[in-house]
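Structure file run.txt (compact mmCIF, C-alpha atoms) is printed below.
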```
# COMPACT_ATOMS: atom_id res chain seq x y z
CA MET A 923 10.03 -3.73 -50.00
CA PRO A 924 7.16 -2.16 -48.00
CA ALA A 925 8.01 0.54 -45.48
CA PRO A 926 7.95 -0.53 -41.81
CA PRO A 927 4.73 0.39 -40.01
CA THR A 928 4.76 3.74 -38.26
CA GLU A 929 4.33 3.64 -34.50
CA THR A 930 0.89 5.04 -33.65
CA LEU A 931 0.26 7.69 -31.01
CA ALA A 932 -1.78 5.21 -28.96
CA THR A 933 1.03 2.63 -29.04
CA ARG A 934 3.63 5.22 -28.06
CA ARG A 935 1.52 6.42 -25.14
CA ALA A 936 0.97 2.87 -23.93
CA ARG A 937 4.73 2.33 -23.99
CA THR A 938 6.07 5.60 -22.62
CA GLY A 939 3.11 7.28 -20.91
CA PRO A 940 1.40 10.52 -21.90
CA PRO A 941 3.15 13.87 -22.14
CA LEU A 942 2.17 16.41 -19.51
CA ALA A 943 2.16 20.18 -19.65
CA SER A 944 4.15 21.72 -16.82
CA GLY A 945 1.12 23.24 -15.07
CA ALA A 946 -0.97 20.09 -15.38
CA SER A 947 2.00 18.00 -14.22
CA ALA A 948 2.49 20.15 -11.11
CA LEU A 949 -1.19 19.87 -10.16
CA LEU A 950 -1.15 16.12 -10.76
CA VAL A 951 1.95 15.61 -8.62
CA LEU A 952 0.54 17.83 -5.85
CA GLY A 953 -2.75 15.95 -5.80
CA PHE A 954 -0.91 12.63 -5.91
CA VAL A 955 1.30 13.55 -2.93
CA LEU A 956 -1.61 14.89 -0.85
CA MET A 957 -3.59 11.74 -1.58
CA SER A 958 -0.60 9.58 -0.66
CA LEU A 959 0.07 11.44 2.61
CA ASN A 960 -3.46 10.68 3.75
CA THR A 961 -3.64 7.00 2.83
CA ARG A 962 -2.41 5.46 6.13
CA VAL A 963 -2.94 8.32 8.59
CA ALA A 964 -5.98 6.86 10.35
CA PHE A 965 -4.31 3.48 10.86
CA GLY A 966 -1.28 4.95 12.61
CA GLN A 967 -3.26 6.71 15.35
CA ILE A 968 -4.53 3.83 17.47
CA GLY A 969 -1.23 2.35 18.67
CA PRO A 970 0.20 5.54 20.18
CA LEU A 971 -3.20 6.51 21.63
CA ALA A 972 -3.95 3.17 23.28
CA PRO A 973 -2.16 3.78 26.62
CA VAL A 974 -3.61 7.29 26.92
CA ALA A 975 -7.16 6.51 25.80
CA GLY A 976 -7.50 3.30 27.81
CA PHE A 977 -8.80 1.21 24.92
CA SER A 978 -9.53 -2.38 25.98
CA PRO A 979 -7.49 -5.26 24.53
CA ALA A 980 -10.61 -6.46 22.71
CA ALA A 981 -11.16 -3.03 21.15
CA LEU A 982 -7.51 -2.85 20.10
CA SER A 983 -7.74 -6.29 18.51
CA VAL A 984 -10.82 -5.33 16.50
CA LEU A 985 -9.34 -1.98 15.46
CA GLY A 986 -6.21 -3.78 14.28
CA LEU A 987 -8.20 -6.38 12.38
CA LEU A 988 -10.62 -4.05 10.58
CA PRO A 989 -8.20 -2.22 8.20
CA PRO A 990 -6.69 -5.23 6.37
CA LEU A 991 -10.01 -7.12 6.47
CA CYS A 992 -11.97 -4.21 4.99
CA MET A 993 -9.27 -3.28 2.49
CA GLY A 994 -9.42 -6.83 1.15
CA ALA A 995 -13.21 -6.97 1.12
CA PHE A 996 -13.69 -3.59 -0.58
CA ALA A 997 -10.82 -3.74 -3.11
CA PRO A 998 -13.14 -5.06 -5.89
CA LEU A 999 -15.21 -1.88 -5.51
CA ALA A 1000 -12.35 0.02 -7.15
CA ALA A 1001 -12.88 -1.81 -10.44
CA VAL A 1002 -16.55 -0.78 -10.48
CA LEU A 1003 -15.72 2.87 -9.75
CA ARG A 1004 -12.99 2.88 -12.38
CA ARG A 1005 -15.31 1.60 -15.10
CA ARG A 1006 -18.06 4.06 -14.26
CA LEU A 1007 -16.06 7.13 -13.25
CA SER A 1008 -12.36 6.88 -14.29
CA GLU A 1009 -9.33 6.69 -12.00
CA GLU A 1010 -9.31 10.43 -11.29
CA ARG A 1011 -12.95 10.62 -10.27
CA GLY A 1012 -12.73 7.37 -8.34
CA LEU A 1013 -9.85 8.75 -6.28
CA TRP A 1014 -11.69 12.05 -5.73
CA TRP A 1015 -14.80 10.29 -4.43
CA ALA A 1016 -12.60 8.06 -2.27
CA SER A 1017 -11.01 11.17 -0.76
CA LEU A 1018 -14.45 12.51 0.17
CA VAL A 1019 -15.32 9.21 1.83
CA LEU A 1020 -12.03 9.43 3.74
CA VAL A 1021 -13.13 12.82 5.09
CA ALA A 1022 -16.49 11.37 6.17
CA GLY A 1023 -14.83 8.40 7.82
CA ALA A 1024 -12.32 10.59 9.65
CA VAL A 1025 -15.18 12.70 11.05
CA LEU A 1026 -17.18 9.61 12.03
CA ARG A 1027 -14.22 8.21 13.99
CA MET A 1028 -14.49 11.14 16.42
CA LEU A 1029 -18.00 10.13 17.59
CA GLY A 1030 -17.19 7.84 20.51
CA MET A 1031 -16.30 4.15 20.36
CA PRO A 1032 -19.18 3.17 18.02
CA GLY A 1033 -18.09 5.94 15.65
CA LEU A 1034 -14.47 4.83 15.92
CA PHE A 1035 -15.36 1.31 14.78
CA ALA A 1036 -17.77 2.43 12.05
CA GLY A 1037 -15.43 5.18 10.84
CA THR A 1038 -12.54 2.73 10.63
CA VAL A 1039 -14.64 0.56 8.30
CA VAL A 1040 -15.47 3.61 6.14
CA VAL A 1041 -11.86 4.79 6.02
CA SER A 1042 -10.64 1.28 5.21
CA ALA A 1043 -13.14 0.93 2.37
CA ALA A 1044 -12.01 4.23 0.84
CA THR A 1045 -8.36 3.26 1.29
CA ALA A 1046 -9.02 -0.02 -0.53
CA VAL A 1047 -10.14 1.98 -3.57
CA VAL A 1048 -7.08 4.22 -3.36
CA ASN A 1049 -4.73 1.22 -3.08
CA VAL A 1050 -6.06 -0.30 -6.30
CA LEU A 1051 -6.39 2.88 -8.36
CA ILE A 1052 -3.04 4.51 -7.54
CA PRO A 1053 -0.90 2.08 -9.61
CA VAL A 1054 -3.33 2.42 -12.53
CA LEU A 1055 -3.22 6.22 -12.30
CA VAL A 1056 0.59 6.17 -12.25
CA ARG A 1057 0.75 3.87 -15.29
CA LYS A 1058 -1.84 6.00 -17.11
CA ARG A 1059 -0.76 9.56 -16.32
CA PHE A 1060 3.03 9.44 -15.89
CA PRO A 1061 5.78 8.54 -18.38
CA ARG A 1062 6.99 4.97 -17.97
CA GLU A 1063 10.42 6.06 -16.77
CA ARG A 1064 8.78 7.88 -13.83
CA VAL A 1065 6.63 4.97 -12.64
CA GLY A 1066 9.20 3.80 -10.08
CA THR A 1067 9.80 7.29 -8.74
CA MET A 1068 6.08 8.00 -8.33
CA MET A 1069 5.42 4.68 -6.60
CA GLY A 1070 8.36 5.49 -4.33
CA VAL A 1071 6.87 8.90 -3.60
CA TYR A 1072 3.56 7.18 -2.84
CA ALA A 1073 5.15 4.82 -0.30
CA LEU A 1074 7.33 7.53 1.25
CA SER A 1075 4.37 9.90 1.57
CA MET A 1076 2.28 7.22 3.25
CA GLY A 1077 5.00 6.73 5.86
CA VAL A 1078 5.57 10.44 6.41
CA GLY A 1079 1.87 11.19 6.78
CA SER A 1080 1.34 8.35 9.23
CA ALA A 1081 4.44 9.26 11.26
CA LEU A 1082 3.58 12.96 11.50
CA VAL A 1083 0.07 12.38 12.77
CA ALA A 1084 1.17 9.56 15.08
CA ALA A 1085 3.70 11.94 16.62
CA VAL A 1086 1.09 14.52 17.62
CA VAL A 1087 -1.90 12.39 18.66
CA VAL A 1088 -0.68 11.77 22.22
CA PRO A 1089 0.19 15.45 22.98
CA THR A 1090 -3.19 16.45 21.51
CA ALA A 1091 -5.06 13.91 23.65
CA GLN A 1092 -3.17 15.01 26.77
CA ALA A 1093 -3.74 18.70 26.06
CA THR A 1094 -7.49 18.29 25.43
CA GLY A 1095 -8.17 15.52 27.95
CA SER A 1096 -9.88 13.37 25.32
CA TRP A 1097 -8.90 11.01 22.54
CA GLN A 1098 -11.57 12.30 20.13
CA PRO A 1099 -9.77 15.52 19.15
CA ALA A 1100 -6.58 13.52 18.61
CA ILE A 1101 -8.42 11.11 16.31
CA GLY A 1102 -9.93 14.15 14.59
CA LEU A 1103 -6.50 15.26 13.38
CA ALA A 1104 -6.96 12.82 10.49
CA VAL A 1105 -9.66 15.10 9.08
CA ILE A 1106 -7.04 17.68 8.06
CA PRO A 1107 -5.00 15.54 5.63
CA ALA A 1108 -8.25 13.99 4.34
CA ILE A 1109 -9.57 17.43 3.37
CA LEU A 1110 -6.22 18.33 1.78
CA ALA A 1111 -6.33 15.11 -0.26
CA ALA A 1112 -9.82 15.91 -1.55
CA ALA A 1113 -8.74 19.45 -2.45
CA GLY A 1114 -5.61 18.15 -4.17
CA MET A 1115 -7.54 15.71 -6.35
CA THR A 1116 -10.23 18.24 -7.35
CA PRO A 1117 -8.29 19.69 -10.34
CA GLN A 1118 -8.06 16.17 -11.80
CA LEU A 1119 -11.83 16.13 -12.32
CA ARG A 1120 -11.16 18.18 -15.45
CA HIS A 1121 -8.97 15.47 -16.96
CA ARG A 1122 -10.30 13.84 -20.10
CA PRO A 1123 -8.54 10.78 -21.50
CA PRO A 1124 -7.19 11.25 -25.05
CA GLN A 1125 -9.31 9.81 -27.82
CA PRO A 1126 -7.66 7.02 -29.84
CA ALA A 1127 -6.24 8.07 -33.17
CA ALA A 1128 -8.28 7.34 -36.29
CA GLY A 1129 -7.78 3.80 -37.48
CA THR A 1130 -6.40 2.48 -34.17
CA GLY A 1131 -9.82 1.28 -33.03
CA THR A 1132 -11.23 1.21 -29.52
CA LYS A 1133 -11.21 -2.49 -28.85
CA ARG A 1134 -9.40 -3.39 -25.67
CA THR A 1135 -6.50 -5.77 -25.67
CA GLY A 1136 -7.83 -9.19 -24.80
CA HIS A 1137 -6.41 -11.20 -21.93
CA PRO A 1138 -7.69 -14.12 -19.87
CA HIS A 1139 -9.31 -13.62 -16.51
CA VAL A 1140 -6.41 -12.86 -14.19
CA ALA A 1141 -7.39 -15.55 -11.68
CA ARG A 1142 -6.49 -18.14 -14.33
CA THR A 1143 -2.93 -16.88 -14.77
CA ALA A 1144 0.25 -17.78 -12.92
CA LEU A 1145 1.25 -14.11 -12.99
CA ALA A 1146 -1.74 -13.00 -10.92
CA TRP A 1147 -1.24 -15.72 -8.31
CA SER A 1148 2.46 -14.94 -8.10
CA LEU A 1149 1.69 -11.26 -7.48
CA THR A 1150 -0.90 -12.26 -4.92
CA ALA A 1151 1.57 -14.51 -3.11
CA PHE A 1152 4.20 -11.79 -2.91
CA PHE A 1153 1.84 -9.01 -1.84
CA GLY A 1154 -0.16 -11.23 0.53
CA ILE A 1155 2.76 -12.65 2.50
CA GLN A 1156 4.57 -9.31 2.64
CA THR A 1157 1.39 -7.61 3.89
CA LEU A 1158 0.77 -10.36 6.44
CA ALA A 1159 4.31 -9.86 7.77
CA PHE A 1160 3.83 -6.07 7.78
CA TYR A 1161 0.57 -6.01 9.75
CA THR A 1162 1.72 -8.71 12.15
CA THR A 1163 4.89 -6.77 12.93
CA LEU A 1164 3.01 -3.49 13.25
CA ALA A 1165 0.58 -5.07 15.72
CA TRP A 1166 3.03 -6.88 17.98
CA LEU A 1167 6.47 -5.26 17.67
CA PRO A 1168 6.22 -3.31 20.97
CA SER A 1169 5.31 -6.53 22.81
CA ILE A 1170 8.15 -8.38 21.09
CA LEU A 1171 10.64 -5.72 22.16
CA VAL A 1172 9.35 -5.66 25.76
CA GLN A 1173 9.73 -9.42 26.03
CA ALA A 1174 13.27 -9.05 24.63
CA GLY A 1175 14.12 -6.89 27.65
CA LEU A 1176 13.41 -3.32 26.52
CA GLY A 1177 11.25 -0.87 28.46
CA ARG A 1178 7.88 0.32 27.21
CA SER A 1179 9.31 3.70 26.22
CA ALA A 1180 12.07 2.04 24.20
CA ALA A 1181 9.49 -0.25 22.59
CA GLY A 1182 7.55 2.83 21.48
CA THR A 1183 10.73 4.22 19.99
CA GLY A 1184 11.20 0.93 18.17
CA GLN A 1185 7.76 1.30 16.60
CA ALA A 1186 8.71 4.78 15.35
CA LEU A 1187 12.00 3.46 13.96
CA LEU A 1188 10.12 0.67 12.18
CA ILE A 1189 7.93 3.26 10.44
CA CYS A 1190 11.02 5.24 9.43
CA GLY A 1191 12.55 2.09 7.97
CA VAL A 1192 9.31 1.34 6.13
CA ALA A 1193 9.37 4.82 4.57
CA VAL A 1194 12.99 4.43 3.41
CA GLY A 1195 12.49 0.94 1.98
CA GLY A 1196 9.18 1.96 0.44
CA PHE A 1197 10.83 4.77 -1.49
CA ALA A 1198 14.04 3.01 -2.52
CA ALA A 1199 12.61 -0.31 -3.75
CA PRO A 1200 10.32 0.94 -6.53
CA VAL A 1201 12.80 3.57 -7.69
CA LEU A 1202 15.49 0.91 -8.14
CA ALA A 1203 13.20 -1.81 -9.47
CA ALA A 1204 11.48 0.30 -12.14
CA LYS A 1205 14.80 0.90 -13.93
CA ARG A 1206 15.04 -2.76 -14.93
CA ALA A 1207 12.92 -5.12 -16.97
CA ASP A 1208 13.50 -8.00 -14.53
CA GLN A 1209 12.49 -7.42 -10.90
CA ARG A 1210 13.24 -10.95 -9.62
CA PRO A 1211 16.46 -9.81 -7.87
CA HIS A 1212 14.49 -7.06 -6.11
CA ILE A 1213 11.88 -9.56 -4.91
CA LEU A 1214 14.60 -11.83 -3.51
CA VAL A 1215 16.47 -8.96 -1.84
CA THR A 1216 13.23 -7.72 -0.27
CA VAL A 1217 12.55 -11.16 1.21
CA LEU A 1218 16.17 -11.50 2.35
CA VAL A 1219 16.16 -8.14 4.17
CA CYS A 1220 12.92 -9.10 5.98
CA VAL A 1221 14.41 -12.46 6.97
CA ILE A 1222 17.58 -10.78 8.28
CA GLY A 1223 15.46 -8.37 10.33
CA PHE A 1224 13.37 -11.16 11.88
CA ALA A 1225 16.48 -13.28 12.53
CA GLY A 1226 18.13 -10.34 14.25
CA LEU A 1227 15.14 -9.86 16.55
CA LEU A 1228 15.21 -13.59 17.35
CA ARG A 1229 18.92 -14.06 18.04
CA ALA A 1230 20.59 -10.71 18.66
CA PRO A 1231 21.08 -9.17 22.13
CA ALA A 1232 18.44 -6.69 23.26
CA GLY A 1233 20.96 -3.86 22.97
CA THR A 1234 21.05 -4.20 19.19
CA SER A 1235 17.29 -4.60 18.71
CA MET A 1236 16.82 -1.16 17.17
CA VAL A 1237 19.28 -1.97 14.38
CA TRP A 1238 17.27 -5.02 13.41
CA VAL A 1239 14.00 -3.09 13.70
CA VAL A 1240 15.22 -0.55 11.13
CA ILE A 1241 16.46 -3.32 8.81
CA LEU A 1242 13.14 -5.14 9.15
CA GLY A 1243 11.25 -1.91 8.46
CA MET A 1244 13.21 -1.34 5.26
CA GLY A 1245 12.37 -4.86 4.05
CA LEU A 1246 8.71 -4.56 4.94
CA GLY A 1247 8.50 -1.13 3.32
CA ALA A 1248 10.03 -2.50 0.13
CA GLY A 1249 7.50 -5.33 0.21
CA GLN A 1250 4.62 -2.87 0.42
CA ALA A 1251 5.84 -0.59 -2.38
CA LEU A 1252 7.39 -3.01 -4.89
CA PRO A 1253 4.04 -4.55 -5.96
CA GLY A 1254 2.97 -1.21 -7.46
CA VAL A 1255 5.88 -1.40 -9.89
CA LEU A 1256 5.12 -5.06 -10.61
CA TYR A 1257 1.49 -4.27 -11.51
CA ALA A 1258 2.59 -1.46 -13.82
CA HIS A 1259 5.34 -3.48 -15.54
CA ARG A 1260 3.49 -6.78 -15.90
CA GLY A 1261 0.14 -5.29 -16.93
CA ARG A 1262 -0.34 -5.11 -20.70
CA ASP A 1263 -2.79 -2.21 -20.52
CA HIS A 1264 -4.61 -0.11 -17.92
CA ASP A 1265 -7.40 -2.68 -17.54
CA HIS A 1266 -4.90 -5.47 -16.95
CA VAL A 1267 -3.02 -3.38 -14.35
CA ALA A 1268 -6.30 -2.71 -12.53
CA ALA A 1269 -7.27 -6.39 -12.62
CA LEU A 1270 -3.90 -7.54 -11.26
CA SER A 1271 -3.95 -4.89 -8.54
CA THR A 1272 -7.52 -5.77 -7.54
CA MET A 1273 -6.90 -9.50 -7.25
CA ALA A 1274 -3.60 -9.18 -5.40
CA GLN A 1275 -4.98 -6.71 -2.90
CA THR A 1276 -8.31 -8.46 -2.35
CA CYS A 1277 -6.67 -11.79 -1.54
CA GLY A 1278 -3.57 -10.24 0.02
CA PHE A 1279 -5.31 -8.04 2.57
CA LEU A 1280 -7.74 -10.82 3.56
CA LEU A 1281 -4.72 -13.07 4.13
CA ALA A 1282 -2.93 -10.31 6.04
CA ALA A 1283 -5.89 -9.93 8.42
CA THR A 1284 -5.13 -13.40 9.79
CA GLY A 1285 -1.51 -12.57 10.64
CA PRO A 1286 -1.89 -10.72 13.96
CA ILE A 1287 -4.47 -13.26 15.19
CA LEU A 1288 -2.35 -16.31 14.32
CA ALA A 1289 0.76 -14.70 15.83
CA ALA A 1290 -1.14 -14.00 19.07
CA ALA A 1291 -2.38 -17.60 19.17
CA LEU A 1292 1.17 -18.95 18.71
CA HIS A 1293 2.44 -16.59 21.40
CA THR A 1294 -0.27 -17.72 23.81
CA ALA A 1295 0.45 -21.39 23.11
CA THR A 1296 4.23 -21.13 23.52
CA GLY A 1297 4.62 -18.20 25.92
CA THR A 1298 7.25 -16.50 23.73
CA TRP A 1299 7.49 -14.63 20.43
CA THR A 1300 10.05 -17.08 19.06
CA ALA A 1301 7.45 -19.30 17.38
CA PRO A 1302 5.56 -16.45 15.61
CA LEU A 1303 8.78 -14.86 14.34
CA THR A 1304 10.14 -18.21 13.19
CA ALA A 1305 6.87 -18.96 11.40
CA LEU A 1306 6.94 -15.58 9.61
CA THR A 1307 10.52 -16.18 8.51
CA ALA A 1308 9.69 -19.64 7.18
CA VAL A 1309 6.61 -18.43 5.28
CA LEU A 1310 8.60 -15.59 3.67
CA LEU A 1311 11.28 -18.01 2.49
CA VAL A 1312 8.84 -20.62 1.18
CA CYS A 1313 6.73 -18.07 -0.69
CA SER A 1314 9.72 -16.32 -2.28
CA ALA A 1315 9.82 -19.02 -4.96
CA ALA A 1316 6.13 -18.53 -5.75
CA SER A 1317 6.72 -14.78 -6.08
CA LEU A 1318 9.37 -14.92 -8.79
CA ARG A 1319 6.96 -15.15 -11.74
CA ALA A 1320 5.72 -11.66 -10.78
CA GLY A 1321 9.19 -10.24 -11.40
CA HIS A 1322 9.62 -10.84 -15.14
CA ASP A 1323 7.96 -11.37 -18.50
CA PRO A 1324 8.78 -14.85 -19.85
CA LYS A 1325 10.31 -14.83 -23.34
```
For this file, write the structure as structure tokens.
Amino acid sequence: MPAPPTETLATRRARTGPPLASGASALLVLGFVLMSLNTRVAFGQIGPLAPVAGFSPAALSVLGLLPPLCMGAFAPLAAVLRRRLSEERGLWWASLVLVAGAVLRMLGMPGLFAGTVVVSAATAVVNVLIPVLVRKRFPRERVGTMMGVYALSMGVGSALVAAVVVPTAQATGSWQPAIGLAVIPAILAAAGMTPQLRHRPPQPAAGTGTKRTGHPHVARTALAWSLTAFFGIQTLAFYTTLAWLPSILVQAGLGRSAAGTGQALLICGVAVGGFAAPVLAAKRADQRPHILVTVLVCVIGFAGLLRAPAGTSMVWVVILGMGLGAGQALPGVLYAHRGRDHDHVAALSTMAQTCGFLLAATGPILAAALHTATGTWTAPLTALTAVLLVCSAASLRAGHDPK
């Protein structure tokens, strides 16, 4: 009887991830965290600054629309950079563009609009490449933890800068220095990713070949559309809530100060859910229960805002934030687990984020239109709840590998 085939080094690395020396691992984790802290900083500045800076409603609408629209439009650029540069170099160049965009946003209103486009384009590249980097550079058992760290760091970075923009604007008498605070984490992200420029991917062992695993174009697969449905609807709900939660809370009977507190609590809930969901989901081969629980928590949060007394609003805001945070972080684990190789992970991530962010850009606009037509936030919140429930069935294919 012939001996069973020996597992090759390439196969083992594809299954478990590459080993890392302690020094290289520390630098990789540091760069990863600094990159993650910076990823949503610029987008969390406008809301707190709006009352102080006197931005017009039209300007606020455009500034809210640009990030998801540009992140969807520029997500395919990540695939080009990855093929030509590698994930590490693509992220490093993206961090430099983030610095440039953060500086440009300080140059008056035209600079704020143009810089937001630049920052959003760079963030689109980061969004796509981060799951591929995690799958490629970390052991498989750490994928969930690292995607949780990514989501938690995004929330922490955004919350920290959002907390100091108003005092900075009041102390300096101008919104430009407050916007300029985003330059600091952008520079730290670029510095943190610089050591990764030395990384060279391991060469395949002799006899294993270099041919890539074949797979159909992702747009022809049910898996890709299921991932897109889950990410797109969750992101639509996230950006719609982020844009209009203060107004929803004011109409529910809370003061403007309390509504601002609600926005901060939402971000805290997002950070908690964003960390917990991938850590728990990555431990299992089947993530369908995690998808359903994520949708259920979001639905409970929206239902609480619709029906509960104003005095309990903050409880439902935190619950909603945890669900929305889980919905933003869980797709990273799904890409890594469903992708058969690094190319497949990148393709799934690119398609889901291109379509998902473009879909999400319509959320705040449609919610505003429904609010204008009905005079209350009941219709937009009910519509979001219904869409989440309907699309949960379409999302289930993304949670498992059929036998």
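Here CA of Trp1238 (chain A) stands at a distance of 5.5 Å from CA of Gly1226 (chain A).
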Judged by all atoms listed in the file, the minimum distance to Val1048 (chain A) among A:Thr1090, A:Thr1296, A:Thr1304, A:Thr1272 is found for A:Thr1272
What separates CA of Ile1052 (chain A) and CA of Ala1283 (chain A) is a distance of 21.7 Å
*Å distance separating CA of Met993 (chain A) from CA of His1264 (chain A), one decimal place*: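 Separating CA of Met993 (chain A) from CA of His1264 (chain A) is a distance of 21.2 Å.
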Per residue of region 1041-1064 of chain A within 10 Å of region 952-968 of chain A, note the shortest atom pair and the distance in Å to one decimal, counting all atoms listed in the file, and order the rows by chain and increasing residue number, as a tab-separated table.
```
residue	atom	partner	partner_atom	distance
A:Val1041	CA	A:Ala964	CA	7.6
A:Ser1042	CA	A:Phe965	CA	8.8
A:Ala1044	CA	A:Thr961	CA	9.0
A:Thr1045	CA	A:Thr961	CA	6.2
A:Ala1046	CA	A:Thr961	CA	9.5
A:Val1048	CA	A:Thr961	CA	7.6
A:Asn1049	CA	A:Thr961	CA	8.3
A:Ile1052	CA	A:Phe954	CA	8.6
A:Leu1055	CA	A:Phe954	CA	9.3
A:Val1056	CA	A:Phe954	CA	9.2
```
Can I get the selected residues back with C-alpha atoms, as a PDB file, in the frame of the given file?
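The new file part-v6.pdb reads:
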```pdb
ATOM      1  CA  VAL A1041     -11.860   4.790   6.020  1.00  0.00           C
ATOM      2  CA  SER A1042     -10.640   1.280   5.210  1.00  0.00           C
ATOM      3  CA  ALA A1044     -12.010   4.230   0.840  1.00  0.00           C
ATOM      4  CA  THR A1045      -8.360   3.260   1.290  1.00  0.00           C
ATOM      5  CA  ALA A1046      -9.020  -0.020  -0.530  1.00  0.00           C
ATOM      6  CA  VAL A1048      -7.080   4.220  -3.360  1.00  0.00           C
ATOM      7  CA  ASN A1049      -4.730   1.220  -3.080  1.00  0.00           C
ATOM      8  CA  ILE A1052      -3.040   4.510  -7.540  1.00  0.00           C
ATOM      9  CA  LEU A1055      -3.220   6.220 -12.300  1.00  0.00           C
ATOM     10  CA  VAL A1056       0.590   6.170 -12.250  1.00  0.00           C
TER      11      VAL A1056
END
```
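Look at Thr1216 (chain A): the protein and nucleic acid residues within 8 Å of it, using only C-alpha atoms and passing over chain neighbours fewer than 3 places away, are A:His1212, A:Ile1213, A:Val1219, A:Cys1220, A:Gly1245, A:Leu1246, A:Ala1248, A:Gly1249.
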TODO: Identify which of the residues A:Met1031, A:Leu1270, A:Val1002, A:Ala1291 lies closest to Phe1153 (chain A), counting all atoms listed in the file when measuring atom-to-atom distances.
DONE: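 Under the stated criterion, the closest residue is A:Leu1270.
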Scan for residues within 9 Å of the point (-6.0, -8.3, -11.4) in the coordinates of the file, using all atoms listed in the file, and reply as a CSV table (one decimal) with C-alpha atoms, in the coordinates of the input.
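Listed below is the output, selection11.csv:
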```csv
chain,number,residue,atom,x,y,z
A,1139,HIS,CA,-9.3,-13.6,-16.5
A,1140,VAL,CA,-6.4,-12.9,-14.2
A,1141,ALA,CA,-7.4,-15.6,-11.7
A,1146,ALA,CA,-1.7,-13.0,-10.9
A,1257,TYR,CA,1.5,-4.3,-11.5
A,1261,GLY,CA,0.1,-5.3,-16.9
A,1265,ASP,CA,-7.4,-2.7,-17.5
A,1266,HIS,CA,-4.9,-5.5,-17.0
A,1267,VAL,CA,-3.0,-3.4,-14.4
A,1268,ALA,CA,-6.3,-2.7,-12.5
A,1269,ALA,CA,-7.3,-6.4,-12.6
A,1270,LEU,CA,-3.9,-7.5,-11.3
A,1271,SER,CA,-4.0,-4.9,-8.5
A,1272,THR,CA,-7.5,-5.8,-7.5
A,1273,MET,CA,-6.9,-9.5,-7.2
A,1274,ALA,CA,-3.6,-9.2,-5.4
A,1275,GLN,CA,-5.0,-6.7,-2.9
```
Using all atoms listed in the file, the residue out of A:Phe1035, A:Trp1015, A:Val1025, A:Ala1181 with shortest distance to Ala981 (chain A) is A:Phe1035
All residues 12 Å or closer to Arg1229 (chain A), only C-alpha atoms, same chain fewer than 2 positions away omitted, as a compact mmCIF listing (two decimals) with C-alpha atoms, in the frame of the given file:
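So the final result, stored in result_25.txt, reads:
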```txt
# COMPACT_ATOMS: atom_id res chain seq x y z
CA ALA A 1174 13.27 -9.05 24.63
CA ILE A 1222 17.58 -10.78 8.28
CA GLY A 1223 15.46 -8.37 10.33
CA PHE A 1224 13.37 -11.16 11.88
CA ALA A 1225 16.48 -13.28 12.53
CA GLY A 1226 18.13 -10.34 14.25
CA LEU A 1227 15.14 -9.86 16.55
CA PRO A 1231 21.08 -9.17 22.13
CA ALA A 1232 18.44 -6.69 23.26
CA GLY A 1233 20.96 -3.86 22.97
CA THR A 1234 21.05 -4.20 19.19
CA SER A 1235 17.29 -4.60 18.71
CA TRP A 1238 17.27 -5.02 13.41
CA TRP A 1299 7.49 -14.63 20.43
CA THR A 1300 10.05 -17.08 19.06
CA LEU A 1303 8.78 -14.86 14.34
CA THR A 1304 10.14 -18.21 13.19
```
Top pick for closest residue to Gly1095 (chain A), considering A:Val974, A:Val1239, A:Leu1018, A:Ile1155 and counting only C-alpha atoms: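 Among A:Val974, A:Val1239, A:Leu1018, A:Ile1155, it is A:Val974 that comes nearest to Gly1095 (chain A).
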If you count all atoms listed in the file, the residue of A:Ile1109, A:Ala1091, A:Met1069, A:Val1083 closest to Ala1016 (chain A) turns out to be A:Ile1109
